[in-house]
>>> print(open('structure-v9.txt').read())   # compact mmCIF, C-alpha atoms
# COMPACT_ATOMS: atom_id res chain seq x y z
CA MET F 1 60.18 -40.57 5.56
CA GLU F 2 60.40 -44.22 6.52
CA ARG F 3 59.04 -47.15 4.57
CA LEU F 4 57.39 -49.91 6.55
CA ILE F 5 56.99 -53.36 5.03
CA LEU F 6 53.96 -55.23 6.37
CA PRO F 7 54.40 -58.90 5.37
CA GLY F 8 51.84 -61.65 5.04
CA PHE F 9 50.68 -63.87 7.90
CA SER F 10 53.13 -66.75 7.58
CA ALA F 11 56.67 -66.40 8.93
CA LYS F 12 57.98 -67.32 5.46
CA ASN F 13 56.85 -63.85 4.40
CA LYS F 14 59.75 -62.41 6.39
CA ILE F 15 62.05 -63.66 3.61
CA TRP F 16 59.98 -61.76 1.01
CA ALA F 17 60.03 -58.62 3.15
CA GLU F 18 63.79 -58.74 3.73
CA GLU F 19 64.40 -59.25 0.00
CA ILE F 20 62.19 -56.27 -0.86
CA LYS F 21 64.01 -54.16 1.74
CA GLU F 22 67.39 -55.13 0.28
CA ASN F 23 66.26 -54.47 -3.30
CA LEU F 24 64.85 -51.05 -2.45
CA GLY F 25 68.24 -49.91 -1.24
CA ALA F 26 69.45 -47.97 1.73
CA GLU F 27 68.81 -44.40 0.54
CA ILE F 28 65.50 -44.34 2.43
CA PRO F 29 65.17 -46.16 5.74
CA THR F 30 63.04 -49.28 5.38
CA VAL F 31 61.78 -51.35 8.30
CA VAL F 32 60.38 -54.87 8.09
CA ILE F 33 57.62 -55.33 10.64
CA ASN F 34 57.78 -58.70 12.38
CA TRP F 35 54.45 -60.04 13.61
CA ALA F 36 54.22 -61.17 17.23
CA HIS F 37 52.65 -64.49 16.22
CA TRP F 38 55.83 -65.43 14.37
CA GLU F 39 57.44 -65.80 17.80
CA THR F 40 54.52 -67.26 19.71
CA GLY F 41 53.21 -69.54 16.96
CA GLN F 42 49.65 -68.39 17.59
CA ALA F 43 47.90 -65.21 16.47
CA GLU F 44 45.85 -63.53 19.19
CA LYS F 45 42.24 -62.65 18.58
CA GLY F 46 42.21 -59.10 17.20
CA TRP F 47 45.90 -59.26 16.27
CA ILE F 48 45.46 -57.06 13.18
CA GLY F 49 44.26 -54.09 15.23
CA LYS F 50 46.85 -54.70 17.94
CA GLU F 51 49.72 -54.76 15.43
CA ALA F 52 48.40 -51.59 13.78
CA GLU F 53 48.23 -49.85 17.14
CA LYS F 54 51.84 -50.83 17.97
CA ILE F 55 53.01 -49.35 14.66
CA LEU F 56 51.02 -46.15 15.18
CA GLN F 57 52.55 -45.72 18.63
CA GLU F 58 56.10 -46.50 17.55
CA TYR F 59 56.03 -44.08 14.61
CA GLU F 60 53.82 -41.42 16.22
CA GLY F 61 54.39 -37.97 14.80
CA GLN F 62 55.95 -39.33 11.61
CA LYS F 63 54.62 -39.84 8.12
CA VAL F 64 55.42 -43.21 6.51
CA ASN F 65 55.04 -45.15 3.29
CA LEU F 66 53.57 -48.63 3.61
CA ILE F 67 54.33 -51.68 1.48
CA ALA F 68 51.87 -54.37 2.45
CA LYS F 69 51.47 -57.95 1.25
CA SER F 70 48.58 -60.34 1.85
CA VAL F 71 47.12 -59.95 5.36
CA GLY F 72 49.60 -57.12 5.85
CA THR F 73 47.18 -55.16 3.66
CA ALA F 74 44.53 -55.53 6.39
CA VAL F 75 47.00 -54.22 8.97
CA ALA F 76 47.68 -51.30 6.61
CA MET F 77 43.95 -50.57 6.49
CA ALA F 78 43.80 -50.49 10.30
CA ILE F 79 46.72 -48.03 10.25
CA LEU F 80 44.96 -45.83 7.68
CA ARG F 81 42.28 -45.08 10.24
CA LYS F 82 44.70 -42.50 11.62
CA PRO F 83 44.54 -39.56 9.21
CA ASN F 84 47.73 -38.19 7.68
CA PHE F 85 49.98 -40.99 8.99
CA VAL F 86 50.51 -42.64 5.60
CA ASP F 87 51.86 -40.81 2.57
CA LYS F 88 51.98 -43.58 -0.03
CA LEU F 89 50.45 -47.03 0.12
CA ILE F 90 51.40 -50.17 -1.82
CA LEU F 91 49.07 -53.15 -1.60
CA CYS F 92 50.18 -56.54 -2.97
CA GLY F 93 48.19 -59.71 -3.00
CA VAL F 94 45.05 -58.61 -1.21
CA PRO F 95 43.96 -61.97 0.29
CA LEU F 96 40.30 -61.56 -0.58
CA LEU F 97 39.44 -65.25 -0.31
CA ASP F 98 40.90 -65.39 3.22
CA LEU F 99 39.01 -62.37 4.57
CA ASP F 100 35.78 -62.70 6.50
CA ASP F 101 33.16 -59.94 6.47
CA GLU F 102 34.72 -58.24 9.51
CA ASP F 103 38.16 -58.20 7.86
CA LYS F 104 36.70 -56.75 4.66
CA LYS F 105 35.38 -53.78 6.65
CA TYR F 106 38.98 -52.66 7.29
CA TYR F 107 39.27 -51.79 3.58
CA GLU F 108 36.43 -49.24 3.77
CA VAL F 109 39.02 -46.60 4.74
CA LEU F 110 40.11 -46.63 1.08
CA LYS F 111 36.99 -44.58 0.28
CA ASP F 112 38.77 -41.49 1.56
CA PHE F 113 42.46 -42.21 0.92
CA PRO F 114 43.84 -40.30 -2.11
CA THR F 115 43.92 -42.77 -4.99
CA ASP F 116 46.99 -41.13 -6.54
CA GLN F 117 48.85 -42.26 -3.42
CA ILE F 118 47.91 -45.95 -3.87
CA LEU F 119 49.56 -48.66 -5.94
CA CYS F 120 47.76 -52.00 -5.88
CA ILE F 121 49.31 -55.02 -7.57
CA GLN F 122 47.43 -58.29 -7.81
CA ASN F 123 48.72 -61.34 -9.66
CA SER F 124 46.29 -62.43 -12.37
CA ASP F 125 45.61 -65.83 -10.82
CA ASP F 126 46.63 -65.35 -7.19
CA ASN F 127 45.22 -68.29 -5.24
CA HIS F 128 44.14 -65.94 -2.42
CA GLY F 129 42.14 -63.73 -4.80
CA THR F 130 42.48 -63.25 -8.52
CA TYR F 131 43.03 -59.89 -10.13
CA GLU F 132 39.41 -59.82 -11.32
CA GLU F 133 38.04 -60.65 -7.85
CA VAL F 134 40.20 -58.06 -6.08
CA LYS F 135 39.52 -55.45 -8.76
CA ALA F 136 35.76 -55.89 -8.26
CA PHE F 137 36.13 -55.77 -4.45
CA LEU F 138 38.21 -52.57 -4.47
CA ALA F 139 35.97 -50.96 -7.11
CA SER F 140 33.01 -51.52 -4.79
CA ILE F 141 34.81 -49.36 -2.23
CA ASN F 142 36.31 -46.78 -4.59
CA PRO F 143 36.27 -47.31 -8.36
CA GLN F 144 39.20 -44.90 -8.74
CA ILE F 145 41.70 -47.14 -6.93
CA PRO F 146 44.38 -48.07 -9.45
CA ILE F 147 45.09 -51.77 -9.62
CA ILE F 148 47.52 -53.46 -11.95
CA THR F 149 47.95 -57.11 -12.66
CA LYS F 150 51.00 -59.25 -13.13
CA PRO F 151 50.92 -62.54 -15.05
CA ARG F 152 51.50 -64.99 -12.21
CA SER F 153 49.42 -67.77 -10.69
CA ASP F 154 50.79 -67.59 -7.16
CA HIS F 155 50.86 -65.34 -4.10
CA GLU F 156 54.43 -64.09 -4.59
CA TYR F 157 55.11 -60.40 -5.21
CA PRO F 158 58.74 -59.87 -6.27
CA TYR F 159 58.24 -56.39 -7.73
CA PRO F 160 60.76 -54.02 -6.09
CA ASP F 161 61.21 -52.04 -9.33
CA ASP F 162 57.49 -51.22 -9.38
CA PHE F 163 57.63 -50.27 -5.70
CA ARG F 164 60.69 -48.07 -6.15
CA GLN F 165 59.17 -46.28 -9.13
CA PHE F 166 55.95 -45.55 -7.22
CA LEU F 167 57.76 -44.34 -4.11
CA LYS F 168 59.91 -41.80 -5.95
>>> encode(input="structure-v9.txt", output="structure tokens")
Amino acid sequence: MERLILPGFSAKNKIWAEEIKENLGAEIPTVVINWAHWETGQAEKGWIGKEAEKILQEYEGQKVNLIAKSVGTAVAMAILRKPNFVDKLILCGVPLLDLDDEDKKYYEVLKDFPTDQILCIQNSDDNHGTYEEVKAFLASINPQIPIITKPRSDHEYPYPDDFRQFLK
């Protein structure tokens, strides 16, 4: 089963994704997804759904684990619309303060996803959404979603040990 890393919006998130891939090791194939707008410099309207569709087509017939950071979590939600495609889901740094009402609707799919297959990590004072804000948002969708906090005041998620442990 492959692991797909869905980075944040900015191209600098590729560095995070590559570091996570390296730290997870080679025993399970891990693929960093590169967003098209990193090359073009401009995100297309509807890019989240388009990127999700590309991933669904490329990995059709497979089951994957997703590690998603920031807006990559919204892409993960669009992917979850296809039943039985995702085995385990890791969400890091849900960018709640950057999401409009349409973007927030993507997360409704978490109502039906098995909560024992989700790990959500939110830094306590993430500037894109604090732990308390994200906890309240996710609880409004499904109060059983486990969410843990880390004592940081930024949008960085260097937690490969947590990821590895969850993906065992």
>>> closest_residue(input="structure-v9.txt", among="F:Tyr106, F:Phe163, F:Phe137, F:Phe85", to="Ile5 of chain F", atoms="only C-alpha atoms")
F:Phe163
>>> residues_near_point(input="structure-v9.txt", point="(47.1, -63.2, -12.2)", cutoff="12 Å", atoms="all atoms listed in the file", output="ChimeraX atom specification")
/F:92-93,121-135,147-157
>>> residues_around(input="structure-v9.txt", residues="Asp103 of chain F", least_positions_apart="3", cutoff="12 Å", atoms="only C-alpha atoms", output="list in words")
Gly46, Trp47, Ile48, Gly49, Val71, Gly72, Thr73, Ala74, Val75, Ala76, Met77, Ala78, Val94, Pro95, Leu96, Leu97, Asp98, Leu99, Asp100, Tyr106, Tyr107 and Glu108 of chain F
>>> write_last_selection(input="structure-v9.txt", atoms="C-alpha atoms", output="PDB file, keeping the file's coordinate frame")
ATOM      1  CA  GLY F  46      42.210 -59.100  17.200  1.00  0.00           C
ATOM      2  CA  TRP F  47      45.900 -59.260  16.270  1.00  0.00           C
ATOM      3  CA  ILE F  48      45.460 -57.060  13.180  1.00  0.00           C
ATOM      4  CA  GLY F  49      44.260 -54.090  15.230  1.00  0.00           C
ATOM      5  CA  VAL F  71      47.120 -59.950   5.360  1.00  0.00           C
ATOM      6  CA  GLY F  72      49.600 -57.120   5.850  1.00  0.00           C
ATOM      7  CA  THR F  73      47.180 -55.160   3.660  1.00  0.00           C
ATOM      8  CA  ALA F  74      44.530 -55.530   6.390  1.00  0.00           C
ATOM      9  CA  VAL F  75      47.000 -54.220   8.970  1.00  0.00           C
ATOM     10  CA  ALA F  76      47.680 -51.300   6.610  1.00  0.00           C
ATOM     11  CA  MET F  77      43.950 -50.570   6.490  1.00  0.00           C
ATOM     12  CA  ALA F  78      43.800 -50.490  10.300  1.00  0.00           C
ATOM     13  CA  VAL F  94      45.050 -58.610  -1.210  1.00  0.00           C
ATOM     14  CA  PRO F  95      43.960 -61.970   0.290  1.00  0.00           C
ATOM     15  CA  LEU F  96      40.300 -61.560  -0.580  1.00  0.00           C
ATOM     16  CA  LEU F  97      39.440 -65.250  -0.310  1.00  0.00           C
ATOM     17  CA  ASP F  98      40.900 -65.390   3.220  1.00  0.00           C
ATOM     18  CA  LEU F  99      39.010 -62.370   4.570  1.00  0.00           C
ATOM     19  CA  ASP F 100      35.780 -62.700   6.500  1.00  0.00           C
ATOM     20  CA  TYR F 106      38.980 -52.660   7.290  1.00  0.00           C
ATOM     21  CA  TYR F 107      39.270 -51.790   3.580  1.00  0.00           C
ATOM     22  CA  GLU F 108      36.430 -49.240   3.770  1.00  0.00           C
TER      23      GLU F 108
END
>>> atom_distance(input="structure-v9.txt", atom1="atom CA of Glu18 of chain F", atom2="atom CA of Glu60 of chain F")
23.6 Å
>>> atom_distance(input="structure-v9.txt", atom1="atom CA of Trp35 of chain F", atom2="atom CA of Ile20 of chain F")
16.8 Å
>>> atom_distance(input="structure-v9.txt", atom1="atom CA of Ile118 of chain F", atom2="atom CA of Ile28 of chain F")
18.8 Å
>>> closest_residue(input="structure-v9.txt", among="F:Gln144, F:Leu119, F:Gln62, F:Ala36", to="Leu167 of chain F", atoms="all atoms listed in the file")
F:Leu119
>>> closest_residue(input="structure-v9.txt", among="F:Cys120, F:Leu4, F:Ala139, F:Ala11", to="Leu66 of chain F", atoms="all atoms listed in the file")
F:Leu4
>>> closest_residue(input="structure-v9.txt", among="F:Leu56, F:Ile33, F:Ala136, F:Leu24", to="Lys168 of chain F", atoms="only C-alpha atoms")
F:Leu24
